[in-house]
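Undergrad: Dropping the structure in here first, questions after.
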Amino acid sequence: MLKLYESFQSVSVLSLRIGGPVARVVSPIINPNNLYIEGWHVVDNRSGEDLILLSQEIRDVMSQGLVINDVDALSPIEDLVRLQKILDLDFELLKLKVQSQSGKRYGKVSDFAFETQNFFVQKLYVAPSLRAFSGGTLSVDRSQIIEITNRRIIIEDPTEKSKNAVPSPSPVG
């Protein structure tokens, strides 16, 4: 099931063992190479400490929050050696500029949808900038993405109707 990140900010991390919330989600940790959500920055409810919840520790995703077995699933940042390269990138998907291969600018990423079963970002929602205001948001599927850098996302040029297109046949009547 797809879940919008916008509706997911500041949700609770719920422990099955304790039977209630143990932390609060702050932001995702996204790998820019494959748009996989490696984990989540969270804040411990008791100590206020910044911790990491790895996506593989999540048992379920509900409207109330992320469900884990126990508070032991939350790790201090320095304990996650394998994740350190991704953390050092400090990649943030929101607010990245989106443009096509030909250079047309579409705006900035305002939200994204991720799959709750595998935590891959599936869709980006792009809000037009004030200069290029052309209406509503643009939806970009992950298959349309060509390149991701720290400053922008390059997508395939959308197909446009050709001026010389053959009209569709009309029923004879």
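Note on naming: chains are A, B, ... as they come in the structure tokens, residues start from 1 per chain, ligands start from 1 in the order shown.
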Hey, what's within 12 Å of Pro76 in chain A if we count only C-alpha atoms and toss same-chain stuff fewer than 4 positions away? As a list in words, please?

TA: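 Residues meeting the cut-off are Trp40, His41, Val42, Val43, Asp44, Glu49, Asp50, Leu51, Ile52, Leu53, Leu54, Val71, Asp72, Leu80, Val81, Leu83 and Gln84 of chain A.
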
Undergrad: I'd like the contact shell of Val126 in chain A - 7 Å cut-off, only C-alpha atoms, skipping same-chain residues fewer than 5 positions apart - returned as a tab-separated table (two decimals) with all heavy atoms, in the first residue's frame.

TA:
```
chain	number	residue	atom	x	y	z
A	107	GLY	N	9.44	22.43	-10.99
A	107	GLY	CA	9.22	22.88	-9.63
A	107	GLY	C	10.04	22.08	-8.65
A	107	GLY	O	11.12	21.58	-8.99
A	108	LYS	N	9.54	21.93	-7.42
A	108	LYS	CA	10.25	21.22	-6.36
A	108	LYS	C	9.39	20.10	-5.79
A	108	LYS	O	8.17	20.18	-5.79
A	108	LYS	CB	10.62	22.18	-5.24
A	108	LYS	CG	11.59	23.26	-5.67
A	108	LYS	CD	11.92	24.17	-4.51
A	108	LYS	CE	12.91	25.23	-4.97
A	108	LYS	NZ	13.26	26.13	-3.88
A	109	VAL	N	10.05	19.07	-5.29
A	109	VAL	CA	9.35	17.94	-4.67
A	109	VAL	C	8.66	18.45	-3.41
A	109	VAL	O	9.30	19.00	-2.51
A	109	VAL	CB	10.32	16.80	-4.32
A	109	VAL	CG1	9.59	15.68	-3.60
A	109	VAL	CG2	11.02	16.28	-5.56
A	110	SER	N	7.34	18.31	-3.36
A	110	SER	CA	6.58	18.76	-2.20
A	110	SER	C	6.14	17.60	-1.30
A	110	SER	O	5.86	17.78	-0.12
A	110	SER	CB	5.34	19.55	-2.64
A	110	SER	OG	4.51	18.73	-3.43
A	137	THR	N	-0.18	20.05	-9.01
A	137	THR	CA	1.08	19.34	-8.83
A	137	THR	C	1.27	18.30	-9.92
A	137	THR	O	0.31	17.80	-10.51
A	137	THR	CB	1.12	18.64	-7.46
A	137	THR	OG1	0.06	17.70	-7.40
A	137	THR	CG2	1.03	19.64	-6.33
A	138	LEU	N	2.52	17.98	-10.16
A	138	LEU	CA	2.90	16.97	-11.14
A	138	LEU	C	3.25	15.70	-10.37
A	138	LEU	O	3.94	15.75	-9.36
A	138	LEU	CB	4.12	17.46	-11.93
A	138	LEU	CG	4.80	16.46	-12.86
A	138	LEU	CD1	3.90	16.17	-14.06
A	138	LEU	CD2	6.13	17.02	-13.33
A	139	SER	N	2.77	14.58	-10.85
A	139	SER	CA	3.09	13.29	-10.25
A	139	SER	C	4.14	12.60	-11.11
A	139	SER	O	3.96	12.45	-12.32
A	139	SER	CB	1.82	12.44	-10.18
A	139	SER	OG	2.13	11.14	-9.76
```

Undergrad: Smallest atom-to-atom distance to Gln99 in chain A: which of A:Val61, A:Ile153, A:Ile68, A:Val121, using only C-alpha atoms?

TA: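 Of all the options, A:Ile153 lies closest to Gln99 in chain A.
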
Undergrad: DSSP on the backbone, helix (DSSP H, G or I) only: what residues of chain A does that give? Format it as a list in words.

TA: Glu6, Ser7, Phe8, Ser55, Gln56, Glu57, Val71, Asp72, Ala73, Ile77, Glu78, Asp79, Gln84, Lys85, Ile86, Leu87, Asp88, Leu89, Arg142, Ser143 and Gln144 of chain A

Undergrad: Enumerate, in order of chain and increasing residue number, the residues of range 100-127 of chain A with an atom no farther than 7 Å from range 154-158 of chain A, each with its shortest atom pair and distance in Å to one decimal, counting only C-alpha atoms, as JSON lines.

TA:
```
{"residue": "A:Ser100", "atom": "CA", "partner": "A:Ile155", "partner_atom": "CA", "distance": 4.7}
{"residue": "A:Gln101", "atom": "CA", "partner": "A:Glu156", "partner_atom": "CA", "distance": 5.8}
{"residue": "A:Ser102", "atom": "CA", "partner": "A:Asp157", "partner_atom": "CA", "distance": 6.8}
```

Undergrad: What's the separation between CA of Gly103 in chain A and CA of Phe91 in chain A, in Å to one decimal place?

TA: 22.5 Å

Undergrad: To one decimal in Å, tell me the separation between CA of Val98 in chain A and CA of Phe114 in chain A.

TA: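 A separation of 18.2 Å between them.
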
Undergrad: Tell me which protein, DNA and RNA residues are within 12 Å of Asp70 in chain A, counting only C-alpha atoms, leaving out same-chain ones fewer than 4 positions away, and put them as a list of chain:residue names.

TA: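 After dropping sequence-adjacent residues, the list is A:Val13, A:Leu14, A:Ser15, A:Leu16, A:Arg17, A:Ile18, A:Gly19, A:Gly20, A:Pro21, A:Val22, A:Ala23, A:Leu53, A:Glu57, A:Ile58, A:Arg59, A:Leu66, A:Leu74, A:Ser75.
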
Undergrad: How would the residues just picked look written out with N, CA, C and O atoms as a compact mmCIF listing (two decimals), in the first residue's frame?

TA:
```txt
# COMPACT_ATOMS: atom_id res chain seq x y z
N VAL A 13 6.02 5.86 17.08
CA VAL A 13 6.58 4.52 16.95
C VAL A 13 6.00 3.73 18.09
O VAL A 13 6.18 4.08 19.26
N LEU A 14 5.24 2.68 17.76
CA LEU A 14 4.50 1.92 18.76
C LEU A 14 5.18 0.59 19.04
O LEU A 14 5.52 -0.15 18.11
N SER A 15 5.36 0.27 20.30
CA SER A 15 6.00 -0.98 20.70
C SER A 15 4.94 -2.01 21.06
O SER A 15 4.03 -1.73 21.85
N LEU A 16 5.06 -3.21 20.51
CA LEU A 16 4.14 -4.30 20.86
C LEU A 16 4.38 -4.76 22.30
O LEU A 16 3.43 -5.09 23.01
N ARG A 17 5.62 -4.79 22.73
CA ARG A 17 5.93 -5.26 24.08
C ARG A 17 5.39 -4.31 25.14
O ARG A 17 4.79 -4.73 26.13
N ILE A 18 5.58 -3.01 24.93
CA ILE A 18 5.11 -2.02 25.90
C ILE A 18 3.62 -1.75 25.72
O ILE A 18 2.92 -1.43 26.66
N GLY A 19 3.14 -1.88 24.50
CA GLY A 19 1.72 -1.64 24.24
C GLY A 19 1.38 -0.18 24.06
O GLY A 19 0.26 0.23 24.31
N GLY A 20 2.36 0.61 23.62
CA GLY A 20 2.11 2.03 23.41
C GLY A 20 3.26 2.70 22.70
O GLY A 20 4.22 2.05 22.28
N PRO A 21 3.20 4.02 22.58
CA PRO A 21 4.24 4.75 21.86
C PRO A 21 5.54 4.81 22.65
O PRO A 21 5.53 4.97 23.87
N VAL A 22 6.67 4.69 21.92
CA VAL A 22 7.99 4.77 22.54
C VAL A 22 8.84 5.88 21.92
O VAL A 22 9.84 6.28 22.49
N ALA A 23 8.43 6.35 20.74
CA ALA A 23 9.21 7.39 20.05
C ALA A 23 8.31 8.10 19.06
O ALA A 23 7.16 7.72 18.85
N LEU A 53 15.56 4.25 13.58
CA LEU A 53 14.76 3.03 13.45
C LEU A 53 14.98 2.53 12.03
O LEU A 53 14.61 3.20 11.06
N GLU A 57 13.25 -3.25 10.84
CA GLU A 57 12.74 -3.52 12.19
C GLU A 57 11.24 -3.23 12.32
O GLU A 57 10.65 -3.52 13.35
N ILE A 58 10.64 -2.67 11.29
CA ILE A 58 9.23 -2.28 11.35
C ILE A 58 8.36 -3.49 11.02
O ILE A 58 8.51 -4.11 9.97
N ARG A 59 7.45 -3.80 11.91
CA ARG A 59 6.54 -4.93 11.70
C ARG A 59 5.31 -4.56 10.91
O ARG A 59 4.77 -5.37 10.17
N LEU A 66 4.30 3.65 13.22
CA LEU A 66 5.10 2.47 12.89
C LEU A 66 5.08 1.51 14.06
O LEU A 66 5.26 1.92 15.21
N LEU A 74 15.31 0.51 18.32
CA LEU A 74 15.82 1.86 18.11
C LEU A 74 17.30 1.88 18.46
O LEU A 74 17.70 1.42 19.53
N SER A 75 18.11 2.42 17.55
CA SER A 75 19.57 2.39 17.72
C SER A 75 20.17 3.79 17.73
O SER A 75 19.73 4.66 16.97
```

Undergrad: Please identify every residue of range 27-52 of chain A that has at least one atom no farther than 10 Å from an atom of range 116-119 of chain A, counting only C-alpha atoms, and for each give the shortest atom pair and the distance in Å to one decimal, arranged by chain then increasing number, as a Markdown table.

TA:
```
| residue | atom | partner | partner_atom | distance |
| --- | --- | --- | --- | --- |
| A:Ile30 | CA | A:Phe119 | CA | 9.5 |
| A:Leu35 | CA | A:Phe119 | CA | 8.7 |
| A:Tyr36 | CA | A:Phe119 | CA | 6.0 |
| A:Ile37 | CA | A:Phe119 | CA | 5.4 |
| A:Glu38 | CA | A:Phe119 | CA | 7.8 |
| A:Gly39 | CA | A:Phe119 | CA | 8.9 |
```

Undergrad: Given the choices A:Ser27, A:Ala113, A:Leu124, A:Leu4, which gets closest to Ile145 in chain A if the distance is worked out from only C-alpha atoms?

TA: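 Comparing A:Ser27, A:Ala113, A:Leu124, A:Leu4 against Ile145 in chain A, the winner is A:Leu124.
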
Undergrad: Mind checking which residues fall within 9 Å of Glu92 in chain A, counting only C-alpha atoms, ignoring those fewer than 5 positions away in the same chain, and posting them as number ranges by chain?

TA: A: 28-30, 32, 150

Undergrad: Could those selected residues go to a file with C-alpha atoms, as a PDB file, in the first residue's frame?

TA:
```
ATOM      1  CA  PRO A  28      13.197   9.437   6.712  1.00  0.00           C
ATOM      2  CA  ILE A  29      16.713   8.334   5.791  1.00  0.00           C
ATOM      3  CA  ILE A  30      16.554   7.895   2.015  1.00  0.00           C
ATOM      4  CA  PRO A  32      19.505   8.478  -3.210  1.00  0.00           C
ATOM      5  CA  ASN A 150      22.006  16.661  -4.264  1.00  0.00           C
TER       6      ASN A 150
END
```

Undergrad: For the atom pair CA of Arg151 in chain A and CA of Lys97 in chain A, what is the interatomic distance in Å to one decimal place?

TA: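 Computing the Euclidean distance for CA of Arg151 in chain A and CA of Lys97 in chain A yields 6.6 Å.
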
Undergrad: Which residue is closest to Leu89 in chain A? Choose from A:Thr149, A:Ser10, A:Val140, A:Leu2 and count only C-alpha atoms.

TA: A:Thr149

Undergrad: Can you work out which one of A:Asn45, A:Gln144, A:Asn33, A:Ser55 has the shortest atom-to-atom distance to Val67 in chain A, counting only C-alpha atoms?

TA: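 Comparing A:Asn45, A:Gln144, A:Asn33, A:Ser55 against Val67 in chain A, the winner is A:Ser55.
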
Undergrad: Smallest atom-to-atom distance to Lys123 in chain A: which of A:Ser143, A:Arg105, A:Ser47, A:Asp90, using only C-alpha atoms?

TA: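 Nearest candidate to Lys123 in chain A out of A:Ser143, A:Arg105, A:Ser47, A:Asp90: A:Ser143.
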